[in-house]
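For reference, work.txt (compact mmCIF, C-alpha atoms):
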# COMPACT_ATOMS: atom_id res chain seq x y z
CA MET K 243 -3.75 -0.08 -44.92
CA VAL K 244 -6.94 -0.26 -42.87
CA GLN K 245 -8.67 3.05 -42.26
CA GLU K 246 -11.33 3.50 -39.59
CA ASN K 247 -14.04 6.14 -39.93
CA LEU K 248 -15.05 8.34 -37.03
CA SER K 249 -18.79 8.19 -37.53
CA GLY K 250 -19.58 5.91 -34.63
CA HIS K 251 -20.13 2.96 -37.01
CA SER K 252 -16.60 1.54 -37.11
CA PRO K 253 -16.29 -2.10 -38.03
CA LYS K 254 -15.60 -4.63 -35.31
CA PRO K 255 -11.94 -4.23 -34.25
CA ALA K 256 -9.61 -7.01 -35.30
CA ILE K 257 -8.18 -9.20 -32.58
CA ASN K 258 -4.56 -8.66 -33.61
CA PRO K 259 -4.47 -4.88 -32.96
CA ILE K 260 -6.14 -5.40 -29.58
CA VAL K 261 -3.51 -8.01 -28.65
CA ILE K 262 -0.66 -5.72 -29.69
CA ILE K 263 -2.04 -2.68 -27.86
CA GLY K 264 -2.74 -4.92 -24.85
CA ALA K 265 0.95 -5.92 -24.80
CA LEU K 266 1.91 -2.24 -24.90
CA PHE K 267 -0.42 -1.43 -22.01
CA PHE K 268 1.23 -4.27 -20.08
CA ILE K 269 4.56 -2.53 -20.61
CA PHE K 270 3.04 0.80 -19.49
CA GLY K 271 2.01 -0.81 -16.24
CA PHE K 272 5.21 -2.73 -15.57
CA VAL K 273 7.54 0.22 -16.15
CA THR K 274 5.28 2.78 -14.47
CA TRP K 275 4.58 0.91 -11.24
CA LEU K 276 8.21 -0.01 -10.67
CA ASN K 277 8.35 3.54 -9.30
CA SER K 278 6.43 2.48 -6.19
CA LEU K 279 9.43 0.37 -5.18
CA LEU K 280 12.08 2.73 -6.53
CA ILE K 281 10.90 5.49 -4.16
CA PRO K 282 11.76 3.72 -0.87
CA TYR K 283 14.69 1.89 -2.52
CA LEU K 284 16.39 5.07 -3.75
CA GLU K 285 15.50 6.87 -0.53
CA ILE K 286 17.80 4.42 1.25
CA ALA K 287 20.43 3.83 -1.46
CA CYS K 288 20.87 7.53 -2.30
CA GLU K 289 20.22 8.81 1.25
CA LEU K 290 17.23 11.02 0.40
CA THR K 291 14.51 12.80 2.32
CA LYS K 292 10.89 11.80 1.71
CA PHE K 293 10.40 14.89 -0.47
CA GLN K 294 13.54 14.15 -2.51
CA SER K 295 12.50 10.54 -3.07
CA PHE K 296 9.28 11.66 -4.79
CA PHE K 297 11.34 13.27 -7.54
CA VAL K 298 11.20 9.70 -8.91
CA THR K 299 7.61 10.32 -9.94
CA PHE K 300 8.34 13.93 -10.90
CA ALA K 301 11.10 12.99 -13.35
CA PHE K 302 9.02 10.17 -14.83
CA TYR K 303 5.74 12.04 -15.29
CA ILE K 304 7.04 15.51 -16.16
CA ALA K 305 8.27 13.89 -19.37
CA TYR K 306 4.63 13.64 -20.46
CA LEU K 307 4.29 17.44 -20.26
CA VAL K 308 7.57 18.10 -22.05
CA MET K 309 7.22 15.41 -24.71
CA ALA K 310 3.51 15.52 -25.59
CA PRO K 311 3.88 18.15 -28.37
CA ILE K 312 6.90 16.26 -29.73
CA SER K 313 4.88 13.04 -29.57
CA THR K 314 2.36 14.44 -32.03
CA ARG K 315 5.16 15.31 -34.47
CA VAL K 316 6.62 11.80 -34.11
CA LEU K 317 3.24 10.24 -34.93
CA ASN K 318 2.68 12.59 -37.87
CA LYS K 319 6.08 11.63 -39.26
CA PHE K 320 6.14 7.89 -38.56
CA GLY K 321 2.45 6.99 -38.15
CA PHE K 322 0.96 5.07 -35.26
CA LYS K 323 2.74 1.74 -35.73
CA ASN K 324 6.30 2.93 -36.41
CA GLY K 325 5.88 5.68 -33.82
CA MET K 326 5.19 3.01 -31.21
CA SER K 327 8.41 1.20 -32.18
CA VAL K 328 10.38 4.44 -31.84
CA ALA K 329 8.84 4.98 -28.40
CA LEU K 330 9.88 1.52 -27.20
CA ILE K 331 13.47 2.15 -28.31
CA VAL K 332 13.51 5.47 -26.43
CA MET K 333 12.30 3.65 -23.31
CA ALA K 334 15.10 1.09 -23.71
CA VAL K 335 17.65 3.94 -23.76
CA GLY K 336 16.18 5.27 -20.51
CA ALA K 337 16.43 1.83 -18.90
CA LEU K 338 20.04 1.58 -20.10
CA ILE K 339 20.97 4.70 -18.09
CA PHE K 340 20.03 2.84 -14.90
CA ILE K 341 23.24 0.81 -15.28
CA PRO K 342 25.72 3.72 -14.89
CA ALA K 343 23.33 5.29 -12.36
CA ALA K 344 23.53 2.19 -10.17
CA MET K 345 27.30 1.88 -10.60
CA THR K 346 27.88 5.50 -9.51
CA ARG K 347 24.87 5.83 -7.15
CA ILE K 348 24.16 9.26 -8.61
CA TYR K 349 20.52 10.14 -8.03
CA GLY K 350 20.49 12.57 -10.96
CA LEU K 351 21.33 9.75 -13.38
CA PHE K 352 18.46 7.67 -12.06
CA LEU K 353 16.18 10.65 -12.61
CA LEU K 354 17.53 11.14 -16.15
CA GLY K 355 16.82 7.49 -16.95
CA LEU K 356 13.31 7.84 -15.57
CA PHE K 357 12.74 11.01 -17.60
CA ILE K 358 13.82 9.30 -20.84
CA MET K 359 11.63 6.28 -20.09
CA GLY K 360 8.74 8.66 -19.41
CA SER K 361 9.47 10.39 -22.73
CA GLY K 362 9.14 7.10 -24.59
CA LEU K 363 5.93 6.36 -22.74
CA ALA K 364 4.57 9.80 -23.70
CA ILE K 365 4.90 8.88 -27.38
CA LEU K 366 3.44 5.44 -26.73
CA GLN K 367 0.49 6.85 -24.79
CA THR K 368 -0.22 9.52 -27.41
CA ALA K 369 -0.53 6.77 -30.02
CA SER K 370 -2.20 3.93 -28.13
CA ASN K 371 -4.94 5.72 -26.17
CA PRO K 372 -6.71 7.41 -29.08
CA TYR K 373 -6.07 4.27 -31.13
CA ILE K 374 -7.96 2.00 -28.76
CA THR K 375 -10.62 4.71 -28.29
CA ILE K 376 -11.49 5.12 -31.99
CA VAL K 377 -10.79 1.62 -33.30
CA GLY K 378 -14.35 0.59 -32.31
CA PRO K 379 -17.74 2.09 -31.39
CA PRO K 380 -17.32 5.17 -29.15
CA GLU K 381 -20.05 4.15 -26.70
CA SER K 382 -18.02 1.07 -25.73
CA ALA K 383 -14.63 2.81 -25.68
CA ALA K 384 -14.48 2.65 -21.89
CA LYS K 385 -14.97 -1.12 -22.11
CA ARG K 386 -12.02 -1.52 -24.50
CA ILE K 387 -9.85 0.76 -22.38
CA SER K 388 -10.87 -1.28 -19.33
CA ILE K 389 -9.50 -4.39 -21.04
CA MET K 390 -6.28 -2.49 -21.67
CA GLY K 391 -6.34 -1.39 -18.04
CA ILE K 392 -6.38 -5.00 -16.87
CA CYS K 393 -3.20 -5.63 -18.88
CA ASN K 394 -1.71 -2.47 -17.37
CA LYS K 395 -2.57 -3.21 -13.76
CA LEU K 396 -1.71 -6.92 -13.84
CA ALA K 397 1.74 -5.76 -14.89
CA GLY K 398 1.63 -3.14 -12.15
CA ALA K 399 0.76 -5.82 -9.60
CA ALA K 400 3.66 -8.01 -10.69
CA ALA K 401 6.28 -5.27 -11.14
CA PRO K 402 7.08 -4.41 -7.48
CA ILE K 403 7.10 -8.08 -6.49
CA ILE K 404 9.50 -9.04 -9.29
CA LEU K 405 11.76 -6.04 -8.70
CA GLY K 406 11.55 -6.66 -4.95
CA ILE K 407 13.07 -10.11 -5.45
CA PHE K 408 16.19 -8.50 -6.94
CA LEU K 409 16.37 -5.61 -4.46
CA HIS K 410 16.06 -7.81 -1.32
CA LEU K 411 13.88 -5.32 0.52
CA GLU K 412 13.51 -7.80 3.39
CA SER K 413 16.92 -6.59 4.55
CA ALA K 414 16.38 -2.94 3.66
CA ASP K 415 14.91 -1.93 7.02
CA GLN K 416 17.91 -3.39 8.85
CA LEU K 417 20.33 -1.77 6.40
CA LYS K 418 18.67 1.62 6.86
CA SER K 419 19.15 1.28 10.61
CA ASP K 420 22.70 -0.07 10.35
CA VAL K 421 24.15 2.58 8.01
CA ALA K 422 23.39 5.31 10.54
CA HIS K 423 26.01 3.75 12.83
CA MET K 424 28.61 2.75 10.22
CA ALA K 425 31.90 4.42 9.45
CA ASP K 426 31.82 6.40 6.19
CA ALA K 427 33.73 3.80 4.16
CA ASP K 428 31.52 0.93 5.34
CA ARG K 429 28.35 2.95 4.81
CA ILE K 430 29.33 3.86 1.24
CA ALA K 431 30.26 0.23 0.46
CA ALA K 432 26.93 -1.07 1.81
CA LEU K 433 24.87 1.47 -0.11
CA ASP K 434 26.90 0.88 -3.30
CA ALA K 435 26.16 -2.83 -3.05
CA MET K 436 22.46 -2.06 -2.57
CA ALA K 437 22.38 0.22 -5.62
CA LEU K 438 23.97 -2.43 -7.88
CA ARG K 439 21.03 -4.79 -7.28
CA VAL K 440 18.92 -2.78 -9.72
CA ILE K 441 21.11 -3.62 -12.73
CA PRO K 442 19.97 -7.22 -13.56
CA PRO K 443 16.22 -6.48 -13.72
CA TYR K 444 16.79 -3.40 -15.87
CA ILE K 445 18.93 -5.38 -18.31
CA GLY K 446 15.91 -7.68 -18.65
CA ILE K 447 13.63 -4.66 -19.21
CA ILE K 448 15.94 -3.38 -21.98
CA ALA K 449 15.80 -6.74 -23.77
CA VAL K 450 12.00 -6.93 -23.56
CA LEU K 451 11.54 -3.37 -24.83
CA LEU K 452 13.77 -3.97 -27.85
CA LEU K 453 12.01 -7.24 -28.70
CA LEU K 454 8.63 -5.49 -28.48
CA ALA K 455 9.87 -2.68 -30.74
CA ILE K 456 10.81 -5.25 -33.41
CA TRP K 457 7.47 -7.10 -32.97
CA VAL K 458 5.41 -3.93 -33.37
CA TYR K 459 7.47 -2.79 -36.38
CA LYS K 460 6.94 -6.11 -38.16
CA SER K 461 3.28 -6.46 -37.12
CA GLY K 462 0.23 -5.86 -39.30
CA LEU K 463 -1.09 -3.17 -36.97
CA PRO K 464 -3.43 -1.03 -39.11
CA GLU K 465 -3.32 2.74 -39.24
CA VAL K 466 -6.41 4.74 -38.29
CA ASP K 467 -7.59 7.96 -39.86
CA THR K 468 -8.15 10.47 -37.08
CA ASP K 469 -8.73 13.36 -39.49
CA GLU K 470 -11.87 12.02 -41.16
CA GLU K 471 -15.18 13.41 -39.86
CA ASP K 472 -18.74 12.40 -40.58
CA GLU K 473 -21.26 15.05 -41.64
CA ALA K 474 -22.63 15.74 -38.13
CA VAL K 475 -19.20 16.22 -36.58
CA ALA K 476 -17.95 18.31 -39.52
CA THR K 477 -21.00 20.60 -39.24
CA SER K 478 -20.54 20.99 -35.49
CA ASN K 479 -16.83 21.74 -35.87
CA SER K 480 -17.19 24.26 -38.70
CA GLY K 481 -15.46 27.48 -37.75
CA LYS K 482 -13.30 25.82 -35.10
CA LYS K 483 -9.63 26.45 -35.72
CA SER K 484 -7.89 24.54 -32.92
CA VAL K 485 -8.42 22.09 -30.09
CA PHE K 486 -8.66 25.06 -27.71
CA ASP K 487 -12.11 25.76 -29.18
CA PHE K 488 -13.35 22.70 -27.24
CA PRO K 489 -13.79 23.64 -23.55
CA HIS K 490 -14.67 20.06 -22.59
CA VAL K 491 -11.25 18.94 -23.86
CA ILE K 492 -9.42 21.54 -21.74
CA LEU K 493 -11.46 20.55 -18.69
CA GLY K 494 -10.69 16.93 -19.56
CA VAL K 495 -6.96 17.68 -19.49
CA ILE K 496 -7.32 19.19 -16.00
CA THR K 497 -9.38 16.20 -14.90
CA LEU K 498 -6.81 13.76 -16.25
CA PHE K 499 -4.02 15.77 -14.56
CA LEU K 500 -5.76 15.42 -11.19
CA TYR K 501 -6.74 11.79 -11.76
CA VAL K 502 -3.21 10.67 -12.65
CA GLY K 503 -1.92 12.55 -9.62
CA VAL K 504 -4.18 10.71 -7.18
CA GLU K 505 -3.65 7.38 -8.95
CA VAL K 506 0.12 7.72 -8.64
CA ILE K 507 -0.21 8.71 -4.98
CA ALA K 508 -2.32 5.61 -4.31
CA GLY K 509 0.10 3.29 -6.09
CA ASP K 510 3.49 4.85 -5.41
CA SER K 511 3.10 6.12 -1.84
CA ILE K 512 1.49 3.03 -0.33
CA ILE K 513 4.74 1.15 0.33
CA SER K 514 6.46 4.05 2.09
CA TYR K 515 3.17 4.91 3.83
CA GLY K 516 2.89 1.37 5.13
CA ALA K 517 6.43 1.68 6.48
CA SER K 518 5.44 4.93 8.22
CA GLN K 519 2.63 2.98 9.90
CA GLY K 520 5.23 0.64 11.42
CA ILE K 521 4.94 -2.13 8.80
CA ALA K 522 8.20 -3.73 7.65
CA LEU K 523 9.29 -3.00 4.05
CA GLY K 524 9.48 -6.74 3.40
CA THR K 525 5.72 -6.84 3.96
CA ALA K 526 4.91 -3.37 2.59
CA LYS K 527 6.37 -4.21 -0.83
CA TYR K 528 3.18 -6.19 -1.54
CA PHE K 529 0.85 -3.23 -0.91
CA THR K 530 1.12 -1.78 -4.42
CA THR K 531 -0.05 -5.17 -5.67
CA GLY K 532 -3.16 -4.71 -3.54
CA THR K 533 -3.84 -1.36 -5.20
CA MET K 534 -3.40 -2.90 -8.65
CA VAL K 535 -5.67 -5.85 -7.82
CA ALA K 536 -8.37 -3.41 -6.70
CA MET K 537 -8.03 -1.61 -10.03
CA VAL K 538 -8.34 -4.86 -11.96
CA VAL K 539 -11.56 -5.61 -10.08
CA GLY K 540 -12.87 -2.20 -11.14
CA TYR K 541 -11.87 -2.81 -14.74
CA LEU K 542 -13.70 -6.14 -14.76
CA VAL K 543 -16.81 -4.37 -13.50
CA GLY K 544 -16.39 -1.82 -16.29
CA ILE K 545 -16.08 -4.50 -18.97
CA VAL K 546 -19.34 -6.09 -17.84
CA ALA K 547 -21.30 -2.94 -17.00
CA ILE K 548 -20.26 -0.30 -19.59
CA PRO K 549 -22.32 0.72 -21.52
CA ARG K 550 -24.97 -1.94 -20.92
CA TYR K 551 -25.80 -1.04 -17.32
CA ILE K 552 -24.02 2.24 -16.68
CA LYS K 553 -22.87 5.12 -18.88
CA GLN K 554 -19.24 6.21 -18.94
CA GLU K 555 -19.96 9.52 -17.22
CA ASN K 556 -21.98 7.81 -14.46
CA ALA K 557 -19.14 5.38 -13.83
CA LEU K 558 -16.83 8.38 -13.46
CA ARG K 559 -19.22 9.97 -10.93
CA LEU K 560 -19.35 6.81 -8.84
CA CYS K 561 -15.57 6.43 -8.87
CA ALA K 562 -15.02 10.05 -7.80
CA ILE K 563 -17.39 9.61 -4.84
CA LEU K 564 -15.61 6.39 -3.82
CA GLY K 565 -12.28 8.21 -4.06
CA ILE K 566 -13.44 10.82 -1.55
CA LEU K 567 -14.82 8.20 0.85
CA PHE K 568 -11.76 5.93 0.71
CA THR K 569 -9.37 8.87 1.17
CA LEU K 570 -11.24 9.97 4.30
CA GLY K 571 -11.17 6.34 5.51
CA ALA K 572 -7.37 6.26 5.14
CA ILE K 573 -6.97 9.55 7.01
CA PHE K 574 -9.16 8.64 9.99
CA THR K 575 -8.00 5.03 10.58
CA GLN K 576 -4.66 3.46 11.48
CA GLY K 577 -2.33 0.58 10.55
CA PHE K 578 -3.39 -2.09 8.08
CA VAL K 579 -6.94 -0.68 7.91
CA SER K 580 -5.66 2.73 6.79
CA VAL K 581 -3.30 1.11 4.27
CA GLY K 582 -6.27 -0.98 3.07
CA PHE K 583 -8.21 2.19 2.25
CA ILE K 584 -5.26 3.44 0.17
CA ALA K 585 -5.30 0.12 -1.69
CA LEU K 586 -9.06 0.52 -2.25
CA LEU K 587 -8.33 3.79 -4.01
CA GLY K 588 -7.29 1.49 -6.84
CA LEU K 589 -10.96 0.49 -7.14
CA ALA K 590 -12.05 4.14 -7.07
CA ASN K 591 -9.49 5.10 -9.72
CA SER K 592 -10.07 2.12 -11.99
CA LEU K 593 -12.72 3.48 -14.35
CA MET K 594 -11.52 7.09 -14.40
CA TRP K 595 -8.96 6.75 -17.19
CA PRO K 596 -11.34 4.63 -19.35
CA ALA K 597 -14.12 7.20 -18.89
CA ILE K 598 -12.15 10.46 -19.18
CA TRP K 599 -10.57 9.68 -22.58
CA PRO K 600 -13.78 9.04 -24.56
CA LEU K 601 -15.62 11.88 -22.79
CA ALA K 602 -12.80 14.31 -23.60
CA LEU K 603 -12.38 13.13 -27.22
CA ALA K 604 -16.11 13.19 -27.99
CA GLY K 605 -16.92 15.40 -30.98
CA VAL K 606 -13.38 16.65 -31.69
CA GLY K 607 -13.09 14.97 -35.10
CA ARG K 608 -10.05 16.18 -37.04
CA PHE K 609 -8.58 17.61 -33.82
CA THR K 610 -8.24 14.13 -32.26
CA LYS K 611 -4.43 13.98 -32.42
CA ALA K 612 -4.09 17.46 -30.92
CA ALA K 613 -6.62 16.64 -28.20
CA SER K 614 -4.81 13.40 -27.45
CA SER K 615 -1.52 15.28 -27.17
CA LEU K 616 -3.06 17.67 -24.64
CA LEU K 617 -4.53 14.80 -22.65
CA VAL K 618 -1.15 13.10 -22.54
CA MET K 619 0.29 16.35 -21.17
CA GLY K 620 -2.26 15.97 -18.38
CA ILE K 621 -0.42 12.84 -17.28
CA ALA K 622 2.12 15.28 -15.80
CA GLY K 623 -0.22 15.34 -12.81
CA GLY K 624 1.73 12.25 -11.78
CA ALA K 625 4.80 14.52 -11.49
CA VAL K 626 3.29 17.41 -9.57
CA ILE K 627 0.69 16.03 -7.16
CA PRO K 628 2.79 13.19 -5.65
CA LEU K 629 5.63 15.70 -5.16
CA LEU K 630 3.22 17.93 -3.25
CA TYR K 631 2.18 14.86 -1.27
CA GLY K 632 5.85 14.21 -0.42
CA ALA K 633 6.31 17.82 0.73
CA LEU K 634 3.19 17.59 2.91
CA ALA K 635 4.36 14.23 4.27
CA ASP K 636 7.58 15.90 5.45
CA SER K 637 5.78 18.99 6.81
CA TRP K 638 2.80 17.20 8.42
CA ASN K 639 2.96 13.40 8.27
CA PRO K 640 2.39 10.81 5.51
CA GLN K 641 -1.19 10.16 6.65
CA SER K 642 -2.40 13.78 6.85
CA ALA K 643 -0.78 14.45 3.47
CA TYR K 644 -3.54 12.39 1.84
CA TRP K 645 -5.88 15.38 2.29
CA ILE K 646 -4.44 16.59 -1.02
CA ALA K 647 -6.51 13.94 -2.82
CA VAL K 648 -9.93 15.23 -1.68
CA PRO K 649 -10.14 18.40 -3.85
CA CYS K 650 -8.78 16.37 -6.78
CA TYR K 651 -11.66 13.90 -6.55
CA LEU K 652 -14.15 16.76 -6.15
CA PHE K 653 -13.04 18.27 -9.49
CA ILE K 654 -13.22 14.86 -11.16
CA LEU K 655 -16.79 14.59 -9.86
CA TYR K 656 -17.59 17.99 -11.40
CA TYR K 657 -16.27 16.85 -14.80
CA ALA K 658 -18.38 13.70 -14.63
CA VAL K 659 -21.51 15.65 -13.74
CA ALA K 660 -21.21 18.72 -15.98
CA GLY K 661 -17.68 19.47 -17.21
CA HIS K 662 -17.65 16.95 -20.06
CA ASN K 663 -20.61 18.73 -21.71
CA VAL K 664 -19.28 22.30 -21.46
CA GLY K 665 -19.23 24.00 -24.87
CA LYS K 666 -20.96 21.20 -26.77
CA LYS K 667 -23.66 22.28 -29.21
CA ASN K 668 -24.99 18.76 -29.54
CA LYS K 669 -24.37 16.52 -26.54
CA GLU K 670 -25.05 13.40 -28.58
CA ILE K 671 -22.35 14.01 -31.19
CA LYS K 672 -19.86 11.18 -31.48
CA PHE K 673 -16.25 11.61 -32.40

Take the structure in the file and give it back as C-alpha cells.
Amino acid sequence: MVQENLSGHSPKPAINPIVIIGALFFIFGFVTWLNSLLIPYLEIACELTKFQSFFVTFAFYIAYLVMAPISTRVLNKFGFKNGMSVALIVMAVGALIFIPAAMTRIYGLFLLGLFIMGSGLAILQTASNPYITIVGPPESAAKRISIMGICNKLAGAAAPIILGIFLHLESADQLKSDVAHMADADRIAALDAMALRVIPPYIGIIAVLLLLAIWVYKSGLPEVDTDEEDEAVATSNSGKKSVFDFPHVILGVITLFLYVGVEVIAGDSIISYGASQGIALGTAKYFTTGTMVAMVVGYLVGIVAIPRYIKQENALRLCAILGILFTLGAIFTQGFVSVGFIALLGLANSLMWPAIWPLALAGVGRFTKAASSLLVMGIAGGAVIPLLYGALADSWNPQSAYWIAVPCYLFILYYAVAGHNVGKKNKEIKF
C-alpha cells in the first residue's frame, strides 16, 4: 500500500490514480449537471411551480449536509478505494428509483432518487477531493483539481445535451401550452408519456455506475495517510483537539457553501432563465453547456497559471470579482446578452473550488478527514441558495432573483483576501 506524507514533499503522483479520480470527477459532473435539464423537465411533467421545481437541487445537495458525517465513517471503515466503490453503488440505487418515479410520475420519488444519488456523491466527494489535494505538492493542488474540474465540466457540458436527446425538449414548449387546454384524461396521458422518456438514459447511468464501482474496486488505487504530520504541522497543531480549532476551515466551509450555491444557480437556472427571456427550450437546453465550457476555459487557465504566475488565493480573488461583475451584467441586460453573462459565471466560478479546498485544508494535518467532511457539508449550499433563487424568481422575476449571488461573491472575496489566514500561527505551514 502506498502511503503519502503530508510534509509538502510528496513524491510525484502516479498516473493511474489521477486517471481513476479523473473518471470519478467525470461522473460527478455528468450526474450533477443533469439537474439543469431535470428542473424544467419535471416542472412540466409533474406540473410544478418554479419554486417547487428547484427542490430538484435541494434534494440532491441537501444529501451532502446529511451524509457528510456518515461519509467519514464509511471511509474510516472501508478506506478511500473501497469507499469510492460503495459510493458508486449507492448512486446506482438512486438512479434506479427514477424508473418507478417516471412510471408513476410522483415528484417525491424523483426527489428521493436525487437524494440517494447525492448521498453517494457525498461519500465520493469526501474521498476524492482530499485525495487529489494531498496526493502531490500542496502548492500545485489547485492545478490538479483544475484538471479534475475539466473532467467534471466536460461531462457537465455533455449531460444536458445527451439527456435532452431522450427527453425531446424541442416539443416541450408546445406540450406545456397544449396541456393547459386538454381534458384531464388526455393531459394525464401526455404528461405520463413525457415522464417515461427519462427511463432509458437512467438505465444507462445505472450500468455505467456499476461498471465503475467494479473498476475502482479492482484497481491499484493507493491509500493515502491523512493522519501523518510533519514536525512543523505537529508543533502548530499541538493542543488542538478538533477541526473546530481551525477558524480558517470553518470560514472555508461557509465560503464553499456560498460558492456551490452560486455555481449551481449559474448552471441549473440558465435553461429556465433563458426560457423566461422568451428563448425556446429547444435552444435553451444548450445554455448549460455554455456555462460548462466557460468553466473549462477557466480550468485551463488555472492549469497553466497556478502556481507559476498566480497564487491560489489571488486566483480566488479574481474569480470573486468577475462573479460580481458578470452577475450585474446579467441583471442589467436582456435576452441572449443577459443569458451570456450567466454562462460567463462559469468562468468566474471555475477556479473557486480548486482554490478553496487547498486553502481550507492548509495546516490541518491529522484533522484532514474531519475538515474534508465539513467542507463536503458545505456543498449543501447547492440545496439552499438555488431554492432561495427559485422563491425570489416567483416573487420578483427570474432576472432580479440573481441579486442573491452578489453577497455570496462578496464573502468569497473576503475569504480570498483575509479569511483563509484567520487563526493561523504560521501562514506558510503546509498541510

Which residue, K:Ala585, K:Val538, K:Ile281, K:Val485, has the smallest gap to Leu617 of chain K when you use all atoms listed in the file?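 Checking each candidate against Leu617 of chain K, we get K:Val485 as the closest.
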
Pick from K:Tyr541, K:Phe529, K:Phe609, K:Tyr657: nearest to Leu493 of chain K, with all atoms listed in the file counted? K:Tyr657

Pick out the residues sitting within 9 Å of segment 258-267 of chain K, and hand them over as JSON, numbers by chain; count only C-alpha atoms, and ignore anything fewer than 3 positions along from it in its own chain. {"K": [255, 270, 271, 272, 326, 366, 367, 370, 373, 374, 386, 389, 390, 391, 392, 393, 394, 395, 397, 454, 457, 458, 461, 462, 463, 464]}

Kindly indicate which residue among K:Val495, K:Ala310, K:Ala449, K:Ile341 lies nearest to Ala602 of chain K, using all atoms listed in the file for the distances.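 So, comparing all the options, the nearest one is K:Val495.
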
Choose the residue, out of K:Pro282, K:Gly571, K:Gly624, K:Pro596, that has the smallest atom-to-atom separation from Ser642 of chain K; count only C-alpha atoms. K:Gly571

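The closest residue to Leu570 of chain K, picked from K:Gln641, K:Ser278, K:Thr291, K:Gln554 and counting all atoms listed in the file, is K:Gln641.
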
K:Ile521, K:Leu603, K:Ile654, K:Ile407 ranked by distance to Gln576 of chain K, top pick (using all atoms listed in the file): K:Ile521

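The coordinates place atom CA of Cys288 of chain K at 16.4 Å from atom CA of His423 of chain K.
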
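Residues in contact with Gly350 of chain K at 12 Å, where only C-alpha atoms are counted and same-chain residues fewer than 6 positions away are skipped, are listed as Leu284, Cys288, Leu290, Gln294, Ser295, Phe297, Val298, Ala301, Ile339, Phe340, Pro342, Ala343, Ala344, Leu356 and Phe357 of chain K.
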
Report the distance between atom CA of Val539 of chain K and atom CA of Ile513 of chain K in Å, rounded to one decimal place.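 Rounded to one decimal, the two atoms are 20.5 Å apart.
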
At a cut-off of 10 Å from (7.8, 4.0, -16.3) in the coordinates of the file, what residues are picked up using only C-alpha atoms, written as a PyMOL selection string? chain K and resi 269-277+298-299+302-303+333+336-337+355-364

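Non-sequential neighbours of Ala612 of chain K (distance at most 10 Å, separation of 5 or more positions within a chain, only C-alpha atoms) are Ala310, Pro311, Thr314, Thr368, Ser484, Val485, Phe486, Val606, Leu617 and Val618 of chain K.
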
Just C-alpha atoms for this one: save the residues we selected as a CSV table (one decimal), in the coordinates of the input.
chain,number,residue,atom,x,y,z
K,310,ALA,CA,3.5,15.5,-25.6
K,311,PRO,CA,3.9,18.2,-28.4
K,314,THR,CA,2.4,14.4,-32.0
K,368,THR,CA,-0.2,9.5,-27.4
K,484,SER,CA,-7.9,24.5,-32.9
K,485,VAL,CA,-8.4,22.1,-30.1
K,486,PHE,CA,-8.7,25.1,-27.7
K,606,VAL,CA,-13.4,16.6,-31.7
K,617,LEU,CA,-4.5,14.8,-22.6
K,618,VAL,CA,-1.2,13.1,-22.5

So that I can see what lies close to Ile304 of chain K, please list as a ChimeraX atom specification the residues with an atom at most 7 Å from it, counting all atoms listed in the file and leaving out residues fewer than 3 positions away in the same chain. /K:300-301,307-308,622,625

As an exercise, work out the distance from atom CA of Gly520 of chain K to atom CA of Glu285 of chain K in Å and give it to one decimal place.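 Calculated distance between atom CA of Gly520 of chain K and atom CA of Glu285 of chain K is 16.9 Å.
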
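The residue set within 7 Å of Leu330 of chain K, counting all atoms listed in the file and dropping same-chain residues fewer than 2 places from it, reads Met326, Ser327, Val328, Val332, Met333, Ala334, Gly362, Leu451, Leu452 and Ala455 of chain K.
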
Extending 3 Å beyond the listed atoms of segment 563-568 of chain K on each side, what axis-aligned box results? I want centre and edge lengths in Å to one decimal, as AutoDock Vina command-line options.
--center_x -14.6 --center_y 8.4 --center_z -2.0 --size_x 11.6 --size_y 10.9 --size_z 11.7
